[in-house]
Amino acid sequence: MKLNPCKNVPAAQMGPAVTRQLLAYCEGENGYTVNYMTGKKGAAAPAHSHPHLQVVYMLKGKGVFLCGEEEQMIQAGDTVQIDANVPHTFTSIEEDAEWLEFFTPVREDFLP
């Protein structure tokens with residue numbers, strides 16, 4: 001068991017209004033990454049893609065997710081799955097937001 005394995009890893013600024021806190025990761029064949037994210041009202045991520053399956057769970061707030069050609073309003077309690085290599089973006093349009101991100105395999109670019 002590992003309790004709070006990344007508690008001493010500092011938060012990373014992803015832009016002027018978004019922060020990422022690494023919570024846990026595992027390298028190897030069944031690797032994963034878990035992040036706690038915060039975004040200020042109006043924050044937006046540029047469209048991007050990556051070779052990882054991503055699952056987002058909204059903890060607080062609401063906003064618009066654009067995944068491929070599909071746009072969806074999401075709010076606290078919603079879960080979104082994004083397949084690998086699909087362009088996507090999220091905009092926190094109405095209020096500050098908090099969410100968890102899960103990636104598999106491990107996001108090596110997010111490791112300490």
# chains A, B, ... in the order shown; residues from 1 in each chain; ligands from 1
>>> residues_around(residues="range 21-35 of chain A", least_positions_apart="2", cutoff="8 Å", atoms="only C-alpha atoms", output="list of chain:residue names")
A:Asn4, A:Pro5, A:Cys6, A:Lys7, A:Val9, A:Pro10, A:Ala11, A:Ala12, A:Thr19, A:Met37, A:Leu100, A:Glu101, A:Phe102, A:Phe103, A:Thr104, A:Pro105, A:Val106, A:Arg107, A:Phe110, A:Leu111
>>> write_last_selection(atoms="C-alpha atoms", output="compact mmCIF listing (two decimals), in the first residue's frame")
# COMPACT_ATOMS: atom_id res chain seq x y z
CA ASN A 4 -0.41 9.81 -0.48
CA PRO A 5 2.62 8.85 -2.59
CA CYS A 6 2.92 12.29 -4.19
CA LYS A 7 1.99 14.57 -1.27
CA VAL A 9 5.20 17.00 -5.25
CA PRO A 10 4.44 20.69 -5.86
CA ALA A 11 1.44 21.69 -7.97
CA ALA A 12 2.18 22.56 -11.59
CA THR A 19 -3.24 24.02 -11.82
CA MET A 37 -7.07 19.86 -11.22
CA LEU A 100 -9.89 14.55 -11.13
CA GLU A 101 -8.08 13.23 -14.19
CA PHE A 102 -7.14 9.58 -14.64
CA PHE A 103 -4.81 8.51 -17.47
CA THR A 104 -3.62 5.14 -18.67
CA PRO A 105 -0.90 4.33 -19.48
CA VAL A 106 1.14 6.57 -17.19
CA ARG A 107 1.65 10.19 -18.35
CA PHE A 110 3.57 14.55 -15.66
CA LEU A 111 5.98 12.59 -13.45
>>> residues_around(residues="range 60-77 of chain A", least_positions_apart="4", cutoff="12 Å", atoms="only C-alpha atoms", output="PyMOL selection string")
chain A and resi 36-49+54+56+81-100
>>> write_last_selection(atoms="C-alpha atoms", output="compact mmCIF listing (two decimals), in the first residue's frame")
# COMPACT_ATOMS: atom_id res chain seq x y z
CA TYR A 36 -6.34 16.84 -9.03
CA MET A 37 -7.07 19.86 -11.22
CA THR A 38 -8.40 23.34 -10.53
CA GLY A 39 -9.54 25.94 -13.01
CA LYS A 40 -10.76 29.49 -12.52
CA LYS A 41 -14.00 30.71 -14.08
CA GLY A 42 -13.42 31.13 -17.80
CA ALA A 43 -10.24 29.01 -17.83
CA ALA A 44 -9.71 27.05 -21.03
CA ALA A 45 -7.28 24.41 -22.19
CA PRO A 46 -6.10 24.58 -25.80
CA ALA A 47 -7.26 21.71 -27.98
CA HIS A 48 -4.84 18.82 -27.63
CA SER A 49 -4.58 15.04 -27.83
CA GLN A 54 -8.36 9.76 -20.08
CA VAL A 56 -12.37 13.08 -16.01
CA GLN A 81 -14.09 9.33 -21.01
CA ILE A 82 -11.76 10.49 -23.79
CA ASP A 83 -10.22 7.86 -26.02
CA ALA A 84 -6.55 8.01 -26.92
CA ASN A 85 -5.51 10.41 -29.68
CA VAL A 86 -8.86 12.27 -29.80
CA PRO A 87 -8.51 16.09 -29.80
CA HIS A 88 -10.30 17.65 -26.83
CA THR A 89 -10.58 20.75 -24.66
CA PHE A 90 -12.45 21.93 -21.55
CA THR A 91 -13.66 25.43 -20.66
CA SER A 92 -14.83 26.32 -17.15
CA ILE A 93 -17.33 28.93 -18.25
CA GLU A 94 -19.63 29.62 -15.32
CA GLU A 95 -17.59 29.23 -12.14
CA ASP A 96 -14.36 27.92 -10.67
CA ALA A 97 -14.03 24.17 -11.22
CA GLU A 98 -12.27 21.19 -9.65
CA TRP A 99 -11.86 17.76 -11.24
CA LEU A 100 -9.89 14.55 -11.13
>>> select_by_dssp(residues="range 58-90 of chain A", states="strand (DSSP E or B)", output="list in words")
Met58, Leu59, Lys60, Lys62, Gly63, Val64, Phe65, Leu66, Cys67, Glu70, Glu71, Gln72, Met73, Ile74, Gln75, Thr79, Val80, Gln81, Ile82, His88, Thr89 and Phe90 of chain A
>>> atom_distance(atom1="CA of Pro112 in chain A", atom2="CA of Tyr57 in chain A")
22.8 Å
>>> atom_distance(atom1="CA of His52 in chain A", atom2="CA of Gly15 in chain A")
21.0 Å
>>> atom_distance(atom1="CA of Val80 in chain A", atom2="CA of Lys2 in chain A")
26.6 Å
